[in-house]
>>> print(open('my_file_26.csv').read())   # CSV, N, CA and C atoms
chain,number,residue,atom,x,y,z
T,1,MET,N,84.5,109.4,69.4
T,1,MET,CA,83.7,109.1,70.5
T,1,MET,C,82.2,109.2,70.2
T,2,PHE,N,81.8,110.2,69.4
T,2,PHE,CA,80.5,110.4,69.0
T,2,PHE,C,79.9,109.3,68.2
T,3,LEU,N,80.8,108.7,67.3
T,3,LEU,CA,80.4,107.6,66.5
T,3,LEU,C,80.1,106.4,67.3
T,4,ARG,N,80.9,106.1,68.3
T,4,ARG,CA,80.7,105.0,69.2
T,4,ARG,C,79.3,105.1,70.0
T,5,LYS,N,79.1,106.3,70.5
T,5,LYS,CA,77.8,106.6,71.1
T,5,LYS,C,76.6,106.4,70.2
T,6,LEU,N,76.8,106.8,69.0
T,6,LEU,CA,75.8,106.7,68.0
T,6,LEU,C,75.5,105.2,67.7
T,7,VAL,N,76.5,104.4,67.6
T,7,VAL,CA,76.4,103.0,67.4
T,7,VAL,C,75.6,102.3,68.5
T,8,VAL,N,76.0,102.7,69.8
T,8,VAL,CA,75.3,102.2,70.9
T,8,VAL,C,73.8,102.5,70.9
T,9,ILE,N,73.5,103.7,70.4
T,9,ILE,CA,72.1,104.1,70.4
T,9,ILE,C,71.3,103.5,69.2
T,10,VAL,N,71.9,103.5,68.0
T,10,VAL,CA,71.3,103.0,66.8
T,10,VAL,C,71.2,101.5,66.7
T,11,LEU,N,72.2,100.8,67.1
T,11,LEU,CA,72.2,99.4,66.8
T,11,LEU,C,71.0,98.6,67.5
T,12,PRO,N,70.7,98.9,68.8
T,12,PRO,CA,69.5,98.2,69.3
T,12,PRO,C,68.2,98.5,68.6
T,13,LEU,N,68.1,99.7,68.1
T,13,LEU,CA,66.9,100.1,67.4
T,13,LEU,C,66.9,99.4,66.0
T,14,GLY,N,68.1,99.2,65.4
T,14,GLY,CA,68.2,98.5,64.1
T,14,GLY,C,67.8,97.0,64.3
T,15,LEU,N,68.3,96.4,65.3
T,15,LEU,CA,68.0,95.0,65.6
T,15,LEU,C,66.5,94.8,65.8
T,16,LEU,N,65.9,95.8,66.6
T,16,LEU,CA,64.5,95.7,66.8
T,16,LEU,C,63.7,95.9,65.5
T,17,LEU,N,64.1,96.8,64.7
T,17,LEU,CA,63.4,97.0,63.4
T,17,LEU,C,63.6,95.8,62.5
T,18,LEU,N,64.7,95.1,62.5
T,18,LEU,CA,64.9,93.9,61.8
T,18,LEU,C,64.0,92.8,62.3
T,19,LEU,N,63.9,92.6,63.6
T,19,LEU,CA,62.9,91.6,64.1
T,19,LEU,C,61.5,92.0,63.8
T,20,ALA,N,61.2,93.3,63.8
T,20,ALA,CA,59.8,93.7,63.5
T,20,ALA,C,59.5,93.4,62.0
T,21,LEU,N,60.5,93.5,61.2
T,21,LEU,CA,60.2,93.2,59.7
T,21,LEU,C,60.2,91.7,59.5
T,22,LEU,N,60.9,91.0,60.3
T,22,LEU,CA,60.9,89.5,60.1
T,22,LEU,C,59.6,88.9,60.7
T,23,LEU,N,59.0,89.5,61.6
T,23,LEU,CA,57.8,88.9,62.3
T,23,LEU,C,56.7,88.6,61.3
T,24,PRO,N,56.2,89.4,60.4
T,24,PRO,CA,55.2,89.0,59.4
T,24,PRO,C,55.7,87.8,58.5
T,25,LEU,N,56.9,87.9,58.1
T,25,LEU,CA,57.5,86.8,57.3
T,25,LEU,C,57.4,85.5,58.0
T,26,LEU,N,57.8,85.5,59.3
T,26,LEU,CA,57.9,84.2,60.1
T,26,LEU,C,56.5,83.8,60.5
T,27,SER,N,55.6,84.7,60.6
T,27,SER,CA,54.2,84.3,61.0
T,27,SER,C,53.5,83.6,59.8
T,28,SER,N,54.0,83.8,58.6
T,28,SER,CA,53.4,83.1,57.5
T,28,SER,C,53.8,81.6,57.4
T,29,LEU,N,54.8,81.2,58.2
T,29,LEU,CA,55.2,79.8,58.2
T,29,LEU,C,54.3,79.1,59.1
T,30,SER,N,54.5,77.8,59.3
T,30,SER,CA,53.6,77.0,60.2
T,30,SER,C,53.8,77.5,61.6
T,31,VAL,N,52.9,77.0,62.5
T,31,VAL,CA,53.0,77.5,63.9
T,31,VAL,C,54.3,77.1,64.5
T,32,PHE,N,54.8,75.8,64.3
T,32,PHE,CA,56.0,75.4,65.0
T,32,PHE,C,57.2,76.0,64.4
T,33,PHE,N,57.4,76.0,63.1
T,33,PHE,CA,58.6,76.5,62.5
T,33,PHE,C,58.7,78.1,62.6
T,34,GLY,N,57.6,78.7,62.5
T,34,GLY,CA,57.5,80.2,62.6
T,34,GLY,C,58.0,80.6,64.0
T,35,SER,N,57.4,79.9,65.0
T,35,SER,CA,57.8,80.2,66.4
T,35,SER,C,59.2,79.8,66.7
T,36,LEU,N,59.7,78.7,66.1
T,36,LEU,CA,61.1,78.3,66.3
T,36,LEU,C,62.1,79.3,65.7
T,37,LEU,N,61.8,79.8,64.5
T,37,LEU,CA,62.7,80.7,63.8
T,37,LEU,C,62.6,82.1,64.5
T,38,LEU,N,61.4,82.5,64.9
T,38,LEU,CA,61.3,83.8,65.7
T,38,LEU,C,62.1,83.7,67.0
T,39,GLY,N,62.0,82.6,67.7
T,39,GLY,CA,62.8,82.5,68.9
T,39,GLY,C,64.3,82.5,68.7
T,40,ALA,N,64.7,81.8,67.6
T,40,ALA,CA,66.1,81.7,67.3
T,40,ALA,C,66.6,83.1,67.0
T,41,ALA,N,65.9,83.9,66.2
T,41,ALA,CA,66.3,85.2,65.8
T,41,ALA,C,66.3,86.1,67.0
T,42,LEU,N,65.4,86.0,67.9
T,42,LEU,CA,65.3,86.8,69.1
T,42,LEU,C,66.5,86.5,70.0
T,43,GLY,N,66.8,85.2,70.2
T,43,GLY,CA,67.9,84.8,71.0
T,43,GLY,C,69.3,85.3,70.5
T,44,VAL,N,69.5,85.1,69.2
T,44,VAL,CA,70.7,85.6,68.6
T,44,VAL,C,70.8,87.1,68.7
T,45,ALA,N,69.7,87.8,68.5
T,45,ALA,CA,69.8,89.3,68.6
T,45,ALA,C,70.1,89.7,70.0
T,46,LEU,N,69.5,89.1,71.0
T,46,LEU,CA,69.7,89.5,72.3
T,46,LEU,C,71.2,89.1,72.8
T,47,GLY,N,71.7,88.0,72.2
T,47,GLY,CA,73.0,87.6,72.5
T,47,GLY,C,74.1,88.5,72.0
T,48,LEU,N,73.8,89.1,70.8
T,48,LEU,CA,74.7,89.9,70.1
T,48,LEU,C,74.5,91.4,70.4
T,49,LEU,N,73.4,91.8,71.1
T,49,LEU,CA,73.1,93.2,71.3
T,49,LEU,C,74.2,94.0,72.0
T,50,LEU,N,74.6,93.5,73.1
T,50,LEU,CA,75.7,94.3,73.8
T,50,LEU,C,77.0,94.3,73.1
T,51,PRO,N,77.5,93.1,72.7
T,51,PRO,CA,78.8,93.1,72.0
T,51,PRO,C,78.9,93.9,70.7
T,52,LEU,N,77.8,93.9,69.9
T,52,LEU,CA,77.8,94.6,68.7
T,52,LEU,C,77.8,96.1,69.0
T,53,ALA,N,77.1,96.5,70.1
T,53,ALA,CA,77.0,97.9,70.4
T,53,ALA,C,78.3,98.4,71.1
T,54,GLY,N,79.1,97.5,71.5
T,54,GLY,CA,80.4,97.8,72.1
T,54,GLY,C,80.2,98.2,73.6
T,55,ALA,N,79.1,97.7,74.2
T,55,ALA,CA,78.9,98.1,75.6
T,55,ALA,C,79.5,97.2,76.6
T,56,THR,N,80.1,96.0,76.2
T,56,THR,CA,80.7,95.1,77.1
T,56,THR,C,81.8,94.3,76.4
T,57,ARG,N,82.8,94.0,77.2
T,57,ARG,CA,83.9,93.1,76.8
T,57,ARG,C,84.0,92.0,77.8
T,58,LEU,N,83.2,91.0,77.7
T,58,LEU,CA,83.1,89.9,78.8
T,58,LEU,C,83.8,88.7,78.3
T,59,ARG,N,84.6,88.1,79.2
T,59,ARG,CA,85.3,86.9,79.0
T,59,ARG,C,85.0,85.9,80.1
T,60,GLU,N,84.1,85.0,79.9
T,60,GLU,CA,83.6,84.1,81.0
T,60,GLU,C,84.3,82.7,80.7
T,61,PRO,N,85.0,82.2,81.7
T,61,PRO,CA,85.7,80.9,81.4
T,61,PRO,C,84.8,79.7,81.3
T,62,PHE,N,83.6,79.7,81.9
T,62,PHE,CA,82.7,78.6,81.9
T,62,PHE,C,81.6,78.7,80.9
T,63,ALA,N,81.6,79.7,80.1
T,63,ALA,CA,80.5,80.0,79.2
T,63,ALA,C,80.4,78.9,78.1
T,64,HIS,N,81.5,78.2,77.8
T,64,HIS,CA,81.4,77.2,76.8
T,64,HIS,C,80.5,76.0,77.3
T,65,LEU,N,80.2,75.9,78.6
T,65,LEU,CA,79.3,74.9,79.1
T,65,LEU,C,77.9,75.1,78.8
T,66,LEU,N,77.5,76.3,78.3
T,66,LEU,CA,76.1,76.6,78.0
T,66,LEU,C,75.6,75.8,76.9
T,67,TRP,N,76.5,75.1,76.1
T,67,TRP,CA,76.0,74.3,75.0
T,67,TRP,C,75.2,73.1,75.6
T,68,ILE,N,75.5,72.7,76.8
T,68,ILE,CA,74.8,71.5,77.4
T,68,ILE,C,73.3,71.8,77.6
T,69,PRO,N,72.9,72.8,78.4
T,69,PRO,CA,71.5,73.1,78.5
T,69,PRO,C,70.9,73.5,77.1
T,70,ALA,N,71.6,74.1,76.3
T,70,ALA,CA,71.1,74.5,75.0
T,70,ALA,C,70.8,73.2,74.2
T,71,ALA,N,71.6,72.2,74.2
T,71,ALA,CA,71.3,70.9,73.6
T,71,ALA,C,70.1,70.2,74.1
T,72,LEU,N,69.9,70.3,75.5
T,72,LEU,CA,68.8,69.7,76.1
T,72,LEU,C,67.5,70.4,75.6
T,73,VAL,N,67.5,71.7,75.5
T,73,VAL,CA,66.4,72.5,75.1
T,73,VAL,C,66.1,72.2,73.6
T,74,LEU,N,67.1,72.0,72.8
T,74,LEU,CA,66.9,71.6,71.4
T,74,LEU,C,66.3,70.2,71.3
T,75,LEU,N,66.7,69.3,72.2
T,75,LEU,CA,66.1,68.0,72.2
T,75,LEU,C,64.6,68.1,72.5
T,76,VAL,N,64.3,68.9,73.5
T,76,VAL,CA,62.9,69.1,73.8
T,76,VAL,C,62.1,69.7,72.6
T,77,LEU,N,62.7,70.6,71.9
T,77,LEU,CA,62.1,71.2,70.7
T,77,LEU,C,61.9,70.1,69.6
T,78,LEU,N,62.9,69.2,69.5
T,78,LEU,CA,62.8,68.2,68.5
T,78,LEU,C,61.6,67.2,68.9
T,79,TYR,N,61.5,66.9,70.2
T,79,TYR,CA,60.4,66.0,70.6
T,79,TYR,C,59.1,66.7,70.4
T,80,GLN,N,59.0,68.0,70.6
T,80,GLN,CA,57.7,68.7,70.4
T,80,GLN,C,57.4,68.7,68.9
T,81,TYR,N,58.4,68.8,68.1
T,81,TYR,CA,58.1,68.7,66.6
T,81,TYR,C,57.6,67.3,66.3
T,82,LEU,N,58.3,66.3,66.8
T,82,LEU,CA,57.8,64.9,66.5
T,82,LEU,C,56.4,64.7,67.1
T,83,ALA,N,56.1,65.2,68.2
T,83,ALA,CA,54.8,65.1,68.8
T,83,ALA,C,53.7,65.7,67.9
T,84,SER,N,54.1,66.8,67.3
T,84,SER,CA,53.2,67.5,66.4
T,84,SER,C,52.9,66.6,65.1
T,85,LEU,N,53.8,65.8,64.8
T,85,LEU,CA,53.6,64.8,63.7
T,85,LEU,C,52.9,63.6,64.1
T,86,GLY,N,52.7,63.4,65.4
T,86,GLY,CA,52.0,62.2,65.8
T,86,GLY,C,52.8,61.2,66.6
T,87,VAL,N,54.1,61.4,66.7
T,87,VAL,CA,55.0,60.5,67.4
T,87,VAL,C,54.8,60.8,68.9
T,88,SER,N,54.6,59.7,69.7
T,88,SER,CA,54.3,59.9,71.1
T,88,SER,C,55.1,58.8,72.0
T,89,TRP,N,55.8,59.3,72.9
T,89,TRP,CA,56.5,58.4,73.9
T,89,TRP,C,55.9,58.7,75.2
T,90,PRO,N,55.4,57.6,75.9
T,90,PRO,CA,54.7,57.9,77.2
T,90,PRO,C,55.4,58.7,78.2
T,91,LEU,N,56.7,58.5,78.4
T,91,LEU,CA,57.4,59.2,79.4
T,91,LEU,C,57.6,60.7,79.1
T,92,LEU,N,57.5,61.1,77.8
T,92,LEU,CA,57.8,62.5,77.4
T,92,LEU,C,56.5,63.2,77.1
T,93,ARG,N,55.3,62.7,77.4
T,93,ARG,CA,54.1,63.4,77.0
T,93,ARG,C,53.9,64.8,77.6
T,94,LEU,N,54.5,64.9,78.8
T,94,LEU,CA,54.4,66.2,79.5
T,94,LEU,C,55.1,67.3,78.7
T,95,LEU,N,56.1,67.0,77.9
T,95,LEU,CA,56.9,68.0,77.1
T,95,LEU,C,56.2,68.4,75.8
T,96,ALA,N,55.2,67.6,75.4
T,96,ALA,CA,54.6,67.8,74.1
T,96,ALA,C,53.6,69.0,74.2
T,97,THR,N,53.9,70.0,73.4
T,97,THR,CA,53.0,71.2,73.4
T,97,THR,C,53.1,71.8,72.0
T,98,LEU,N,52.1,72.5,71.6
T,98,LEU,CA,52.1,73.2,70.3
T,98,LEU,C,51.8,74.7,70.6
T,99,ASP,N,52.0,75.1,71.8
T,99,ASP,CA,51.8,76.5,72.2
T,99,ASP,C,52.9,77.3,71.6
T,100,SER,N,52.6,78.2,70.6
T,100,SER,CA,53.6,78.9,69.9
T,100,SER,C,54.5,79.8,70.8
T,101,ARG,N,53.9,80.4,71.9
T,101,ARG,CA,54.6,81.2,72.8
T,101,ARG,C,55.7,80.4,73.5
T,102,LEU,N,55.4,79.2,73.9
T,102,LEU,CA,56.4,78.4,74.6
T,102,LEU,C,57.5,78.0,73.7
T,103,ILE,N,57.2,77.6,72.4
T,103,ILE,CA,58.2,77.3,71.5
T,103,ILE,C,59.1,78.4,71.2
T,104,THR,N,58.5,79.6,71.1
T,104,THR,CA,59.3,80.8,70.8
T,104,THR,C,60.3,81.1,72.0
T,105,VAL,N,59.8,81.0,73.2
T,105,VAL,CA,60.7,81.2,74.4
T,105,VAL,C,61.8,80.1,74.5
T,106,GLU,N,61.4,78.9,74.3
T,106,GLU,CA,62.4,77.8,74.3
T,106,GLU,C,63.5,78.0,73.3
T,107,SER,N,63.1,78.3,72.1
T,107,SER,CA,64.1,78.5,71.0
T,107,SER,C,64.9,79.8,71.2
T,108,ALA,N,64.3,80.8,71.8
T,108,ALA,CA,65.1,82.0,72.2
T,108,ALA,C,66.1,81.7,73.2
T,109,PHE,N,65.8,81.0,74.2
T,109,PHE,CA,66.8,80.6,75.3
T,109,PHE,C,67.9,79.8,74.7
T,110,ALA,N,67.6,78.8,73.8
T,110,ALA,CA,68.6,78.0,73.2
T,110,ALA,C,69.5,78.8,72.3
T,111,ALA,N,69.0,79.7,71.5
T,111,ALA,CA,69.8,80.5,70.6
T,111,ALA,C,70.6,81.5,71.5
T,112,TYR,N,70.1,82.0,72.5
T,112,TYR,CA,70.9,82.9,73.4
T,112,TYR,C,72.0,82.2,74.0
T,113,MET,N,71.8,81.0,74.6
T,113,MET,CA,72.8,80.2,75.2
T,113,MET,C,73.9,79.8,74.2
T,114,ILE,N,73.6,79.4,73.0
T,114,ILE,CA,74.6,79.1,72.0
T,114,ILE,C,75.4,80.3,71.6
T,115,THR,N,74.7,81.4,71.4
T,115,THR,CA,75.4,82.7,71.0
T,115,THR,C,76.3,83.1,72.1
T,116,PHE,N,75.9,83.1,73.3
T,116,PHE,CA,76.7,83.5,74.4
T,116,PHE,C,77.9,82.6,74.6
T,117,SER,N,77.7,81.3,74.4
T,117,SER,CA,78.7,80.3,74.5
T,117,SER,C,79.8,80.5,73.5
T,118,VAL,N,79.4,80.8,72.3
T,118,VAL,CA,80.4,81.0,71.2
T,118,VAL,C,81.1,82.3,71.4
T,119,ARG,N,80.4,83.3,71.8
T,119,ARG,CA,80.9,84.7,71.9
T,119,ARG,C,81.9,84.8,73.1
T,120,THR,N,81.6,84.2,74.2
T,120,THR,CA,82.4,84.5,75.4
T,120,THR,C,83.3,83.3,75.8
T,121,GLY,N,82.9,82.1,75.5
T,121,GLY,CA,83.7,81.0,75.8
T,121,GLY,C,84.6,80.5,74.7
T,122,ARG,N,84.9,79.2,74.8
T,122,ARG,CA,85.7,78.6,73.7
T,122,ARG,C,84.9,78.1,72.6
T,123,GLY,N,83.6,78.4,72.7
T,123,GLY,CA,82.7,77.9,71.6
T,123,GLY,C,82.1,76.5,71.9
T,124,ILE,N,81.5,76.0,70.9
T,124,ILE,CA,80.9,74.7,71.0
T,124,ILE,C,81.9,73.6,70.7
>>> encode(input="my_file_26.csv", output="structure tokens")
Amino acid sequence: MFLRKLVVIVLPLGLLLLLALLLPLLSSLSVFFGSLLLGAALGVALGLLLPLAGATRLREPFAHLLWIPAALVLLVLLYQYLASLGVSWPLLRLLATLDSRLITVESAFAAYMITFSVRTGRGI
């Protein structure tokens, strides 16, 4: 019982330490890819935080549908990357941004949804 409590206490701190160590490495990449990888690591870490710590055993029958909004967010990220290279489509100009905070949040949401879908549903 003590070991399980110790895992619940130590694992979130270990994930936080891992992300803190990855941050300087990812910031040395370009603005787009550094933010993209940081958001993906953040989303996966948040998606696996509770199950790895043993704090929940969730089985959601419709979680496999989260791949649909995740795919849409990934398409938006693809367009933002193409817009950074100079490709521009008039209808999608509102989505084009190089704000690293927004790219980090979008990729974190996509990674979290994919992780949650694979973990609790039938997967992708």
>>> atom_distance(input="my_file_26.csv", atom1="atom CA of Ala108 of chain T", atom2="atom CA of Val73 of chain T")
10.0 Å
>>> atom_distance(input="my_file_26.csv", atom1="atom N of Arg101 of chain T", atom2="atom N of Phe116 of chain T")
22.2 Å
>>> atom_distance(input="my_file_26.csv", atom1="atom N of Val10 of chain T", atom2="atom CA of Leu48 of chain T")
14.0 Å
>>> closest_residue(input="my_file_26.csv", among="T:Ala70, T:Ala96, T:Leu52, T:Ala45", to="Leu16 of chain T", atoms="only N, CA and C atoms")
T:Ala45
>>> residues_near_point(input="my_file_26.csv", point="(59.1, 80.8, 61.2)", cutoff="12 Å", atoms="only C-alpha atoms", output="number ranges by chain")
T: 19, 22-42, 100, 103-104, 107
>>> closest_residue(input="my_file_26.csv", among="T:Leu95, T:Val118, T:Leu18, T:Leu6", to="Leu77 of chain T", atoms="all atoms listed in the file")
T:Leu95
